[in-house]
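Q: My file is structure-v4.txt. It has compact mmCIF, C-alpha atoms:
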# COMPACT_ATOMS: atom_id res chain seq x y z
CA MET F 43 -8.22 -31.65 65.89
CA GLN F 44 -6.19 -34.46 64.37
CA VAL F 45 -2.92 -36.07 65.45
CA ARG F 46 -1.37 -38.82 63.34
CA VAL F 47 1.92 -40.65 63.95
CA GLN F 48 2.80 -42.97 61.10
CA SER F 49 5.63 -44.53 59.12
CA GLU F 50 3.78 -44.15 55.80
CA PRO F 51 4.32 -41.10 53.59
CA PHE F 52 1.55 -38.50 53.53
CA ASP F 53 0.37 -36.11 50.82
CA ALA F 54 0.82 -32.61 52.26
CA GLY F 55 -1.27 -31.00 49.50
CA ALA F 56 -4.18 -33.38 49.97
CA GLU F 57 -3.99 -32.86 53.75
CA LEU F 58 -4.04 -29.08 53.29
CA ASN F 59 -7.05 -29.27 50.99
CA GLY F 60 -8.93 -31.57 53.37
CA PHE F 61 -8.10 -29.43 56.40
CA ALA F 62 -10.89 -27.15 57.70
CA GLN F 63 -12.57 -27.59 54.34
CA GLY F 64 -15.92 -25.93 53.76
CA ARG F 65 -15.69 -23.91 56.98
CA THR F 66 -16.82 -20.33 56.51
CA ASP F 67 -15.88 -19.13 60.01
CA ILE F 68 -12.14 -19.15 59.26
CA GLY F 69 -10.09 -16.59 57.35
CA ALA F 70 -6.60 -18.02 57.73
CA VAL F 71 -4.92 -21.40 57.32
CA VAL F 72 -1.20 -21.81 58.02
CA SER F 73 0.71 -24.99 57.24
CA PHE F 74 4.25 -26.06 58.02
CA THR F 75 5.93 -28.98 56.30
CA GLY F 76 9.23 -30.34 57.59
CA VAL F 77 11.43 -31.83 54.87
CA VAL F 78 14.50 -34.10 55.10
CA ARG F 79 17.33 -31.67 54.31
CA ASP F 80 20.58 -32.72 52.68
CA THR F 81 22.61 -29.53 52.41
CA ASP F 82 25.91 -31.26 51.53
CA GLY F 83 24.49 -33.96 49.28
CA THR F 84 25.94 -36.67 51.53
CA LEU F 85 22.79 -37.86 53.29
CA GLN F 86 21.65 -41.34 52.36
CA GLU F 87 18.82 -41.71 54.80
CA MET F 88 17.26 -40.19 57.90
CA LEU F 89 16.01 -42.62 60.52
CA ILE F 90 13.37 -41.34 62.92
CA GLU F 91 12.92 -43.24 66.16
CA HIS F 92 10.04 -42.51 68.51
CA TYR F 93 8.48 -43.63 71.80
CA PRO F 94 5.22 -45.22 70.68
CA GLY F 95 3.60 -45.26 74.12
CA MET F 96 4.18 -41.54 74.58
CA THR F 97 4.20 -39.92 71.13
CA THR F 98 0.52 -39.44 70.38
CA SER F 99 -0.39 -38.32 73.90
CA ALA F 100 2.55 -35.88 74.06
CA ILE F 101 1.59 -34.32 70.70
CA THR F 102 -2.09 -34.20 71.65
CA LYS F 103 -1.27 -32.24 74.80
CA ILE F 104 0.77 -29.74 72.77
CA VAL F 105 -2.05 -29.32 70.25
CA GLU F 106 -4.65 -28.88 73.01
CA GLU F 107 -2.49 -26.16 74.51
CA ALA F 108 -2.30 -24.37 71.13
CA VAL F 109 -6.04 -24.70 70.48
CA SER F 110 -6.90 -23.18 73.86
CA ARG F 111 -4.32 -20.38 73.69
CA TRP F 112 -5.39 -19.14 70.26
CA THR F 113 -9.01 -20.30 69.91
CA LEU F 114 -8.20 -22.23 66.77
CA ALA F 115 -11.01 -23.48 64.56
CA ASP F 116 -8.92 -26.57 63.83
CA ALA F 117 -5.42 -28.01 64.11
CA LEU F 118 -3.60 -30.92 62.50
CA VAL F 119 -0.29 -32.65 63.21
CA ILE F 120 1.15 -35.52 61.18
CA HIS F 121 4.57 -36.90 62.11
CA ARG F 122 6.38 -39.78 60.46
CA HIS F 123 8.88 -42.23 61.93
CA GLY F 124 11.13 -44.82 60.32
CA PRO F 125 13.54 -44.36 57.39
CA LEU F 126 13.17 -41.29 55.15
CA LYS F 127 14.98 -40.10 52.03
CA PRO F 128 16.30 -36.58 51.33
CA GLY F 129 13.51 -34.29 50.13
CA GLU F 130 10.75 -36.36 51.75
CA PRO F 131 8.25 -34.69 54.11
CA ILE F 132 8.91 -35.64 57.74
CA MET F 133 5.94 -33.98 59.34
CA MET F 134 3.29 -31.36 58.90
CA VAL F 135 1.33 -28.94 61.03
CA ALA F 136 -1.76 -26.98 60.01
CA THR F 137 -3.77 -24.40 61.93
CA ALA F 138 -7.02 -22.62 61.06
CA ALA F 139 -8.32 -19.47 62.72
CA ALA F 140 -10.50 -16.45 62.06
CA HIS F 141 -7.46 -14.18 61.68
CA ARG F 142 -3.92 -14.63 60.41
CA ALA F 143 -2.05 -13.66 63.59
CA ALA F 144 -3.55 -16.55 65.56
CA ALA F 145 -2.98 -19.09 62.79
CA PHE F 146 0.68 -18.04 62.41
CA ALA F 147 1.42 -17.90 66.14
CA ALA F 148 -0.20 -21.28 66.83
CA ALA F 149 1.70 -23.02 64.00
CA ASP F 150 4.96 -21.46 65.17
CA PHE F 151 4.23 -22.53 68.76
CA LEU F 152 3.36 -26.08 67.67
CA MET F 153 6.62 -26.40 65.77
CA ASP F 154 8.71 -25.13 68.69
CA TYR F 155 7.09 -27.59 71.06
CA LEU F 156 7.09 -30.56 68.69
CA LYS F 157 10.80 -29.92 68.08
CA SER F 158 11.78 -30.22 71.75
CA ARG F 159 8.90 -31.97 73.53
CA ALA F 160 7.62 -34.67 71.17
CA PRO F 161 9.55 -37.94 71.69
CA PHE F 162 11.30 -38.29 68.33
CA TRP F 163 15.00 -38.73 67.65
CA LYS F 164 16.68 -38.32 64.28
CA LYS F 165 19.65 -40.25 63.04
CA GLU F 166 21.45 -39.25 59.85
CA ILE F 167 23.11 -41.92 57.74
CA THR F 168 25.70 -40.33 55.45
CA ASP F 169 28.65 -41.49 53.34
CA GLN F 170 30.76 -40.96 56.48
CA GLY F 171 28.65 -43.03 58.87
CA ALA F 172 25.66 -42.63 61.16
CA ASP F 173 25.06 -39.87 63.72
CA TRP F 174 22.23 -38.87 66.01
CA VAL F 175 21.12 -35.30 65.38
CA ALA F 176 21.91 -33.25 68.48
CA ALA F 177 19.25 -30.97 69.96
CA LYS F 178 20.14 -27.31 69.58
CA ASP F 179 20.22 -24.86 72.48
CA GLU F 180 18.31 -22.40 70.31
CA ASP F 181 15.45 -24.91 69.98
CA GLU F 182 15.18 -25.21 73.76
CA ASP F 183 15.48 -21.42 74.08
CA ALA F 184 12.69 -20.97 71.54
CA LEU F 185 10.21 -22.37 74.10
CA ASN F 186 10.73 -19.27 76.23
CA ARG F 187 9.00 -17.20 73.57
CA TRP F 188 5.61 -18.60 74.57
CA MET S 278 9.97 -17.13 42.82
CA GLN S 279 6.44 -16.99 41.47
CA VAL S 280 3.79 -14.27 41.58
CA ARG S 281 0.35 -14.89 40.09
CA VAL S 282 -2.62 -12.54 40.06
CA GLN S 283 -5.73 -14.18 38.65
CA SER S 284 -9.51 -14.31 38.79
CA GLU S 285 -9.57 -18.13 38.44
CA PRO S 286 -9.67 -20.36 41.51
CA PHE S 287 -6.45 -22.16 42.45
CA ASP S 288 -5.80 -25.50 44.12
CA ALA S 289 -3.86 -24.70 47.31
CA GLY S 290 -2.90 -28.34 47.87
CA ALA S 291 -1.58 -28.82 44.35
CA GLU S 292 0.34 -25.54 44.64
CA LEU S 293 1.88 -26.66 47.95
CA ASN S 294 2.92 -30.01 46.47
CA GLY S 295 4.44 -28.36 43.41
CA PHE S 296 6.26 -25.72 45.47
CA ALA S 297 10.01 -26.29 46.02
CA GLN S 298 9.43 -29.89 45.01
CA GLY S 299 12.40 -32.23 44.85
CA ARG S 300 14.69 -29.69 46.54
CA THR S 301 16.93 -31.28 49.13
CA ASP S 302 18.49 -28.03 50.42
CA ILE S 303 15.33 -26.99 52.26
CA GLY S 304 14.03 -28.22 55.60
CA ALA S 305 10.97 -26.02 56.04
CA VAL S 306 7.98 -24.98 53.95
CA VAL S 307 5.35 -22.60 55.34
CA SER S 308 2.11 -21.83 53.57
CA PHE S 309 -0.64 -19.35 54.29
CA THR S 310 -4.06 -19.54 52.69
CA GLY S 311 -6.50 -16.66 53.04
CA VAL S 312 -10.14 -17.74 52.98
CA VAL S 313 -13.36 -15.72 52.49
CA ARG S 314 -14.75 -15.59 56.01
CA ASP S 315 -18.44 -15.33 56.79
CA THR S 316 -18.66 -15.23 60.58
CA ASP S 317 -22.31 -14.16 60.74
CA GLY S 318 -23.58 -16.26 57.84
CA THR S 319 -24.79 -13.13 56.03
CA LEU S 320 -22.12 -12.82 53.33
CA GLN S 321 -23.33 -13.49 49.81
CA GLU S 322 -20.18 -12.59 47.95
CA MET S 323 -16.82 -10.90 48.31
CA LEU S 324 -15.72 -8.72 45.41
CA ILE S 325 -11.99 -8.09 45.08
CA GLU S 326 -10.93 -5.12 42.98
CA HIS S 327 -7.30 -4.53 42.07
CA TYR S 328 -5.03 -2.17 40.12
CA PRO S 329 -3.88 -4.34 37.22
CA GLY S 330 -0.98 -2.08 36.18
CA MET S 331 0.48 -2.12 39.67
CA THR S 332 -0.51 -5.39 41.33
CA THR S 333 2.10 -7.81 40.00
CA SER S 334 4.99 -5.37 40.30
CA ALA S 335 3.99 -4.34 43.85
CA ILE S 336 3.78 -7.99 44.97
CA THR S 337 7.03 -8.86 43.21
CA LYS S 338 8.86 -6.11 45.12
CA ILE S 339 7.48 -7.39 48.43
CA VAL S 340 8.54 -10.96 47.58
CA GLU S 341 12.02 -9.82 46.52
CA GLU S 342 12.38 -8.03 49.85
CA ALA S 343 11.40 -11.22 51.72
CA VAL S 344 13.74 -13.43 49.65
CA SER S 345 16.70 -11.16 50.35
CA ARG S 346 15.99 -10.66 54.06
CA TRP S 347 15.67 -14.36 54.85
CA THR S 348 17.65 -16.10 52.10
CA LEU S 349 14.65 -18.09 51.00
CA ALA S 350 15.10 -21.06 48.68
CA ASP S 351 11.79 -20.16 47.04
CA ALA S 352 8.65 -18.07 47.49
CA LEU S 353 5.19 -18.10 45.94
CA VAL S 354 2.29 -15.65 46.00
CA ILE S 355 -1.07 -16.25 44.34
CA HIS S 356 -3.81 -13.63 44.73
CA ARG S 357 -7.26 -13.69 43.22
CA HIS S 358 -9.52 -10.84 42.20
CA GLY S 359 -13.17 -10.70 41.13
CA PRO S 360 -16.17 -12.27 42.88
CA LEU S 361 -15.59 -14.95 45.54
CA LYS S 362 -17.93 -17.05 47.66
CA PRO S 363 -17.65 -17.71 51.44
CA GLY S 364 -15.11 -20.46 52.16
CA GLU S 365 -13.21 -19.93 48.90
CA PRO S 366 -9.44 -19.33 48.99
CA ILE S 367 -8.61 -15.67 48.25
CA MET S 368 -4.86 -15.96 48.15
CA MET S 369 -1.91 -18.04 49.16
CA VAL S 370 1.69 -17.50 50.16
CA ALA S 371 4.40 -20.17 50.43
CA THR S 372 8.01 -19.90 51.58
CA ALA S 373 10.82 -22.46 51.60
CA ALA S 374 14.04 -22.19 53.62
CA ALA S 375 16.69 -24.33 55.23
CA HIS S 376 15.28 -23.69 58.70
CA ARG S 377 11.82 -23.10 60.11
CA ALA S 378 12.41 -19.67 61.67
CA ALA S 379 13.17 -18.10 58.28
CA ALA S 380 10.24 -19.78 56.54
CA PHE S 381 7.81 -18.65 59.25
CA ALA S 382 9.12 -15.09 59.49
CA ALA S 383 9.14 -14.59 55.71
CA ALA S 384 5.56 -15.87 55.30
CA ASP S 385 4.40 -13.66 58.18
CA PHE S 386 6.21 -10.65 56.65
CA LEU S 387 4.72 -11.34 53.21
CA MET S 388 1.21 -11.46 54.64
CA ASP S 389 1.66 -8.21 56.57
CA TYR S 390 2.90 -6.41 53.47
CA LEU S 391 0.40 -7.93 51.05
CA LYS S 392 -2.38 -6.89 53.45
CA SER S 393 -1.46 -3.19 53.43
CA ARG S 394 0.75 -2.64 50.38
CA ALA S 395 -0.65 -4.77 47.55
CA PRO S 396 -3.31 -2.83 45.60
CA PHE S 397 -6.42 -4.90 46.38
CA TRP S 398 -9.72 -3.71 47.83
CA LYS S 399 -12.43 -5.95 49.23
CA LYS S 400 -16.13 -5.31 49.07
CA GLU S 401 -18.56 -7.46 51.02
CA ILE S 402 -22.06 -8.03 49.64
CA THR S 403 -24.37 -9.14 52.45
CA ASP S 404 -28.12 -9.42 52.99
CA GLN S 405 -27.94 -5.83 54.27
CA GLY S 406 -26.13 -4.32 51.29
CA ALA S 407 -22.60 -3.77 50.02
CA ASP S 408 -19.66 -2.33 51.96
CA TRP S 409 -15.97 -1.80 51.31
CA VAL S 410 -13.82 -3.54 53.92
CA ALA S 411 -11.96 -0.86 55.90
CA ALA S 412 -8.24 -1.23 56.49
CA LYS S 413 -7.45 -1.84 60.15
CA ASP S 414 -5.00 0.27 62.13
CA GLU S 415 -3.51 -2.95 63.50
CA ASP S 416 -2.66 -4.07 59.96
CA GLU S 417 -0.76 -0.85 59.30
CA ASP S 418 0.89 -1.14 62.72
CA ALA S 419 1.95 -4.71 61.93
CA LEU S 420 4.42 -3.36 59.35
CA ASN S 421 6.46 -1.83 62.17
CA ARG S 422 7.38 -5.34 63.30
CA TRP S 423 9.77 -5.71 60.35
CA MET I 1002 -2.33 12.72 32.52
CA ASN I 1003 -4.20 9.50 33.18
CA VAL I 1004 -6.01 9.59 36.54
CA MET I 1005 -7.39 6.36 38.01
CA TYR I 1006 -9.76 5.70 40.90
CA PHE I 1007 -10.33 2.49 42.82
CA ALA I 1008 -12.86 1.09 45.31
CA TRP I 1009 -15.15 3.71 46.91
CA VAL I 1010 -13.15 6.56 45.35
CA ARG I 1011 -14.08 5.16 41.94
CA GLU I 1012 -17.71 4.81 43.04
CA ARG I 1013 -17.91 8.40 44.28
CA ILE I 1014 -16.27 9.86 41.23
CA GLY I 1015 -18.25 7.61 38.92
CA VAL I 1016 -15.51 6.60 36.48
CA PRO I 1017 -12.57 4.20 36.83
CA GLN I 1018 -10.22 6.51 34.95
CA GLU I 1019 -10.08 9.68 32.93
CA THR I 1020 -7.63 11.93 31.16
CA VAL I 1021 -7.04 15.16 33.07
CA GLU I 1022 -5.41 18.23 31.57
CA THR I 1023 -3.65 20.02 34.40
CA GLU I 1024 -0.73 22.25 35.29
CA ALA I 1025 -0.81 21.08 38.93
CA ALA I 1026 2.69 20.88 40.41
CA THR I 1027 1.95 18.33 43.12
CA VAL I 1028 -0.65 15.70 43.98
CA ASN I 1029 -2.14 18.12 46.54
CA ASP I 1030 -2.46 20.77 43.83
CA LEU I 1031 -4.18 18.29 41.52
CA ILE I 1032 -6.66 17.37 44.26
CA ALA I 1033 -7.41 21.03 45.00
CA GLU I 1034 -8.02 21.62 41.30
CA LEU I 1035 -10.33 18.58 40.93
CA LYS I 1036 -12.33 19.54 44.05
CA THR I 1037 -13.27 22.88 42.50
CA ARG I 1038 -14.53 21.20 39.33
CA GLU I 1039 -17.50 19.18 40.57
CA ASP I 1040 -19.17 18.03 43.77
CA ARG I 1041 -18.33 14.39 43.16
CA TYR I 1042 -14.61 15.22 43.37
CA ALA I 1043 -15.17 17.30 46.49
CA ALA I 1044 -16.97 14.27 48.02
CA ALA I 1045 -14.26 11.78 47.04
CA PHE I 1046 -11.41 13.99 48.27
CA ALA I 1047 -13.15 15.34 51.39
CA ASP I 1048 -10.81 13.48 53.75
CA ILE I 1049 -7.32 13.02 52.32
CA SER I 1050 -6.21 11.01 55.36
CA ALA I 1051 -8.57 8.25 54.17
CA LEU I 1052 -6.81 8.10 50.79
CA ARG I 1053 -3.60 6.80 49.26
CA VAL I 1054 -1.97 7.85 46.00
CA ALA I 1055 0.25 6.04 43.51
CA LEU I 1056 2.32 7.79 40.84
CA ASP I 1057 3.14 5.64 37.84
CA GLN I 1058 2.16 2.53 39.84
CA GLU I 1059 4.34 3.35 42.87
CA LEU I 1060 2.86 4.34 46.23
CA SER I 1061 3.71 7.99 46.80
CA ASP I 1062 2.97 11.06 48.94
CA PHE I 1063 0.46 13.85 48.47
CA ASP I 1064 3.19 16.46 48.33
CA ALA I 1065 5.09 14.61 45.57
CA PRO I 1066 5.70 16.55 42.33
CA LEU I 1067 3.77 15.55 39.21
CA ALA I 1068 6.45 16.54 36.70
CA GLY I 1069 6.92 13.66 34.25
CA VAL I 1070 4.19 11.54 35.83
CA ARG I 1071 1.89 9.82 33.35
CA GLU I 1072 -0.49 7.98 35.67
CA VAL I 1073 -1.94 9.07 39.02
CA ALA I 1074 -4.13 6.65 41.01
CA PHE I 1075 -6.27 7.45 44.05
CA PHE I 1076 -7.67 4.77 46.33
CA PRO I 1077 -8.45 3.93 49.98
CA PRO I 1078 -5.90 2.03 52.10
CA MET I 1079 -5.34 -1.38 50.56
CA THR I 1080 -7.00 -4.47 51.95
CA GLY I 1081 -5.16 -7.35 50.30
CA GLY I 1082 -4.33 -10.77 51.68
CA MET K 125 9.59 -51.80 86.62
CA ASN K 126 9.85 -51.45 82.85
CA VAL K 127 12.87 -49.37 81.81
CA MET K 128 13.14 -48.12 78.21
CA TYR K 129 15.98 -46.54 76.29
CA PHE K 130 15.87 -44.52 73.08
CA ALA K 131 18.32 -43.23 70.46
CA TRP K 132 22.00 -43.36 71.51
CA VAL K 133 21.04 -44.33 75.08
CA ARG K 134 19.45 -47.47 73.65
CA GLU K 135 22.54 -48.10 71.50
CA ARG K 136 24.95 -47.75 74.45
CA ILE K 137 22.90 -49.96 76.73
CA GLY K 138 22.25 -52.46 73.96
CA VAL K 139 18.56 -53.15 74.56
CA PRO K 140 15.44 -51.06 73.91
CA GLN K 141 13.84 -52.08 77.20
CA GLU K 142 14.21 -54.37 80.16
CA THR K 143 12.55 -55.23 83.45
CA VAL K 144 14.52 -53.88 86.41
CA GLU K 145 13.98 -55.02 90.00
CA THR K 146 14.84 -52.09 92.22
CA GLU K 147 14.10 -50.40 95.51
CA ALA K 148 15.39 -47.05 94.21
CA ALA K 149 13.41 -44.14 95.66
CA THR K 150 14.08 -41.63 92.87
CA VAL K 151 15.25 -41.58 89.26
CA ASN K 152 18.70 -40.46 90.47
CA ASP K 153 18.84 -43.45 92.80
CA LEU K 154 17.88 -45.79 89.95
CA ILE K 155 20.64 -44.35 87.75
CA ALA K 156 23.23 -44.70 90.54
CA GLU K 157 22.18 -48.32 91.00
CA LEU K 158 22.32 -49.12 87.25
CA LYS K 159 25.77 -47.48 86.90
CA THR K 160 27.26 -49.88 89.46
CA ARG K 161 25.89 -52.89 87.58
CA GLU K 162 27.77 -52.79 84.29
CA ASP K 163 30.06 -50.54 82.27
CA ARG K 164 27.46 -50.02 79.53
CA TYR K 165 25.16 -48.32 82.06
CA ALA K 166 28.03 -46.22 83.38
CA ALA K 167 28.74 -45.16 79.78
CA ALA K 168 25.11 -44.33 78.98
CA PHE K 169 24.56 -42.37 82.21
CA ALA K 170 28.00 -40.68 82.34
CA ASP K 171 26.52 -37.23 81.70
CA ILE K 172 23.02 -36.82 83.09
CA SER K 173 22.75 -33.30 81.66
CA ALA K 174 22.67 -34.90 78.20
CA LEU K 175 19.65 -37.02 79.14
CA ARG K 176 15.94 -36.66 79.69
CA VAL K 177 13.62 -38.96 81.62
CA ALA K 178 9.93 -39.80 81.30
CA LEU K 179 7.90 -41.53 84.02
CA ASP K 180 4.83 -43.38 82.76
CA GLN K 181 5.11 -41.49 79.44
CA GLU K 182 5.34 -38.03 81.02
CA LEU K 183 8.51 -35.93 80.92
CA SER K 184 9.83 -35.73 84.47
CA ASP K 185 12.81 -34.75 86.64
CA PHE K 186 15.73 -36.81 87.87
CA ASP K 187 14.82 -36.20 91.50
CA ALA K 188 11.23 -37.40 90.98
CA PRO K 189 10.11 -40.31 93.20
CA LEU K 190 9.57 -43.72 91.60
CA ALA K 191 6.80 -44.88 93.94
CA GLY K 192 3.96 -46.29 91.84
CA VAL K 193 5.80 -45.75 88.55
CA ARG K 194 5.51 -48.64 86.07
CA GLU K 195 7.59 -47.34 83.16
CA VAL K 196 10.78 -45.26 83.15
CA ALA K 197 12.27 -44.08 79.86
CA PHE K 198 15.71 -42.54 79.30
CA PHE K 199 16.62 -40.66 76.12
CA PRO K 200 18.59 -37.71 74.77
CA PRO K 201 16.82 -34.34 74.23
CA MET K 202 14.12 -34.80 71.63
CA THR K 203 14.62 -33.78 68.03
CA GLY K 204 11.14 -33.85 66.55
CA GLY K 205 9.64 -31.64 63.89
Step by step, read the file and then write its structure as structure tokens.

A:
Amino acid sequence: MQVRVQSEPFDAGAELNGFAQGRTDIGAVVSFTGVVRDTDGTLQEMLIEHYPGMTTSAITKIVEEAVSRWTLADALVIHRHGPLKPGEPIMMVATAAAHRAAAFAAADFLMDYLKSRAPFWKKEITDQGADWVAAKDEDEDALNRW
Amino acid sequence: MQVRVQSEPFDAGAELNGFAQGRTDIGAVVSFTGVVRDTDGTLQEMLIEHYPGMTTSAITKIVEEAVSRWTLADALVIHRHGPLKPGEPIMMVATAAAHRAAAFAAADFLMDYLKSRAPFWKKEITDQGADWVAAKDEDEDALNRW
Amino acid sequence: MNVMYFAWVRERIGVPQETVETEAATVNDLIAELKTREDRYAAAFADISALRVALDQELSDFDAPLAGVREVAFFPPMTGG
Amino acid sequence: MNVMYFAWVRERIGVPQETVETEAATVNDLIAELKTREDRYAAAFADISALRVALDQELSDFDAPLAGVREVAFFPPMTGG
């Protein structure tokens, strides 16, 4: 189990290849990569603020919950903070399990909880100014699935 | 959209990094990697047979269905055939979408359909002999989710 | 008509493919005809519920007509992924 | 007691953290006290339903007691992932 909170970029492909490598008791690896989206082509930068004293422990608790619910062989979360450009990876989750259903469910669960329970806040700087990204009701509702 | 059926190994990390690269209209990339599992430590080799005339077209139809159901920005399927060793990647799926729910659902759908509708058959060679892997009822049932 | 066999169906029948001359109207008719030919066909087709069939590389049904079909493939349920 | 602010709460209040001397029994009491101090607090805490609170780095409720708490953090709903 690995949790990393960092401002530096990470190499999602290298992380995927290093994850659960050489293990022969797993049949399924699922990864999720969150990318800075710029649908309208107006985004200059995304600024991610976080709560350093709380971030790693909050994510670790979420990952421990996932590992125990789905008997994962391994789990990984990397989350960046600071300024990011459109197209850059923001964060990544990976899960490894014997079977695909557990790996998919655990990754989906991790994303839902990281979205609404990990102390990060996103600010978008566009041509028109700067705005904090508002949390969506559907993201809060998604937690009821689990 | 990319579909590759091959006997050669592939580099899942390099594929993930090359997938949907530089696109700023996507926010979510999900990948699934299927790995040769050897729970008991008795597996010598997994042999994957396929139906060359049908494989690529069958997978392509499944991917087209996923792309249209979830408006994916991109989708990738790589599936190997031939002899594989424990711990080796068998296949990989990747999906890219604006939002995470679509990327997760499409990857999950692709795996369910590839499992039961792509013409591959697995044979396990163990210390005790060789056996064809039987399809599971739960895999056929999984198709009813979609 | 080109008839193909995969996985344990291929192993039981002993060849991966063969040309079959037949007037069978449906897949079921073709199977019935093959089963009378030799024991190895009877063994391979003993339990149809354990088999799947593709006509010209498309999954199909056992009661599907064979008119115009060039390639029939028999195999167990797929185990991809 | 160390009080921290994040995202637009931090921007409205103007500092990321400060030491607050208070006898407030609960988070709600602390907020009521801060709101009387200066307009910027009144602005930041105008709509409590738009805020979340953590006590000693654990998400908590606005009616939670502050006894023994060393760090209180106020912020909008999280937008991680």

Q: Produce a table with one row for each residue of chain F that has an atom at most 10 Å from any atom of chain I, each row naming the nearest atom pair and its distance in Å at one decimal; use only C-alpha atoms; arrange rows by chain and rising residue number; format as a Markdown table.

A:
| residue | atom | partner | partner_atom | distance |
| --- | --- | --- | --- | --- |
| F:Gly69 | CA | I:Gly1082 | CA | 10.0 |
| F:Ala70 | CA | I:Gly1082 | CA | 9.7 |
| F:Arg142 | CA | I:Gly1082 | CA | 9.6 |

Q: Considering all atoms listed in the file, extract the chain F residues located within 9 Å of chain S and return them as a PyMOL selection string.

A: chain F and resi 53-60+63-83+128-131+140+142-143+145-146+149-150+153

Q: Just how far from CA of Trp132 in chain K is CA of Asp163 in chain K, in Å to one decimal?

A: 15.2 Å

Q: What lies within 12 Å of Arg394 in chain S using all atoms listed in the file, ignoring chain neighbours under 6 positions off, as a short mmCIF file (atom, residue, chain, number, x, y, z; two decimals) with C-alpha atoms, in the coordinates of the input?

A:
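Result saved to part15.cif:
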data_model
loop_
_atom_site.label_atom_id
_atom_site.label_comp_id
_atom_site.auth_asym_id
_atom_site.auth_seq_id
_atom_site.Cartn_x
_atom_site.Cartn_y
_atom_site.Cartn_z
CA HIS S 327 -7.30 -4.53 42.07
CA TYR S 328 -5.03 -2.17 40.12
CA MET S 331 0.48 -2.12 39.67
CA THR S 332 -0.51 -5.39 41.33
CA THR S 333 2.10 -7.81 40.00
CA SER S 334 4.99 -5.37 40.30
CA ALA S 335 3.99 -4.34 43.85
CA ILE S 336 3.78 -7.99 44.97
CA THR S 337 7.03 -8.86 43.21
CA LYS S 338 8.86 -6.11 45.12
CA ILE S 339 7.48 -7.39 48.43
CA VAL S 340 8.54 -10.96 47.58
CA PHE S 386 6.21 -10.65 56.65
CA LEU S 387 4.72 -11.34 53.21
CA MET S 388 1.21 -11.46 54.64
CA ALA S 412 -8.24 -1.23 56.49
CA ASP S 416 -2.66 -4.07 59.96
CA GLU S 417 -0.76 -0.85 59.30
CA ALA S 419 1.95 -4.71 61.93
CA LEU S 420 4.42 -3.36 59.35
CA ARG I 1053 -3.60 6.80 49.26
CA VAL I 1054 -1.97 7.85 46.00
CA ALA I 1055 0.25 6.04 43.51
CA GLN I 1058 2.16 2.53 39.84
CA GLU I 1059 4.34 3.35 42.87
CA LEU I 1060 2.86 4.34 46.23
CA SER I 1061 3.71 7.99 46.80
CA PHE I 1076 -7.67 4.77 46.33
CA PRO I 1077 -8.45 3.93 49.98
CA PRO I 1078 -5.90 2.03 52.10
CA MET I 1079 -5.34 -1.38 50.56
CA THR I 1080 -7.00 -4.47 51.95
CA GLY I 1081 -5.16 -7.35 50.30
CA GLY I 1082 -4.33 -10.77 51.68
#

Q: Calculate how many Å separate CA of Gly171 in chain F from CA of Tyr155 in chain F, rounding to one decimal.

A: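 Taking CA of Gly171 in chain F as the start and CA of Tyr155 in chain F as the end point, the length is 29.2 Å.
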
Q: Quick one: residues within 6 Å of (-8.4, -11.9, 41.1) (file frame), counting only C-alpha atoms, please, as a list in words.

A: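 Output: Val282, Gln283, Ser284, Arg357, His358 and Gly359 of chain S.
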
Q: For the selection just defined, write its residues with C-alpha atoms to a file, as a PDB file, in the coordinates of the input.

A:
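Final output, saved to part-v5.pdb:
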ATOM      1  CA  VAL S 282      -2.620 -12.540  40.060  1.00  0.00           C
ATOM      2  CA  GLN S 283      -5.730 -14.180  38.650  1.00  0.00           C
ATOM      3  CA  SER S 284      -9.510 -14.310  38.790  1.00  0.00           C
ATOM      4  CA  ARG S 357      -7.260 -13.690  43.220  1.00  0.00           C
ATOM      5  CA  HIS S 358      -9.520 -10.840  42.200  1.00  0.00           C
ATOM      6  CA  GLY S 359     -13.170 -10.700  41.130  1.00  0.00           C
TER       7      GLY S 359
END

Q: At what distance in Å, to one decimal, does CA of Gln141 in chain K lie from CA of Asn126 in chain K?

A: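 Going from CA of Asn126 in chain K over to CA of Gln141 in chain K covers 6.9 Å.
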
Q: Excluding Asp180 in chain K and residues on its chain fewer than 6 positions from it, collect all residues at most 10 Å away from it, counting only C-alpha atoms, and give them as a PDB file with C-alpha atoms, keeping the file's coordinate frame.

A:
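The resulting file, around-v7.pdb, is shown below:
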ATOM      1  CA  GLY F  95       3.600 -45.260  74.120  1.00  0.00           C
ATOM      2  CA  MET F  96       4.180 -41.540  74.580  1.00  0.00           C
TER       3      MET F  96
ATOM      4  CA  ASN K 126       9.850 -51.450  82.850  1.00  0.00           C
ATOM      5  CA  GLY K 192       3.960 -46.290  91.840  1.00  0.00           C
ATOM      6  CA  VAL K 193       5.800 -45.750  88.550  1.00  0.00           C
ATOM      7  CA  ARG K 194       5.510 -48.640  86.070  1.00  0.00           C
ATOM      8  CA  GLU K 195       7.590 -47.340  83.160  1.00  0.00           C
ATOM      9  CA  VAL K 196      10.780 -45.260  83.150  1.00  0.00           C
ATOM     10  CA  ALA K 197      12.270 -44.080  79.860  1.00  0.00           C
TER      11      ALA K 197
END
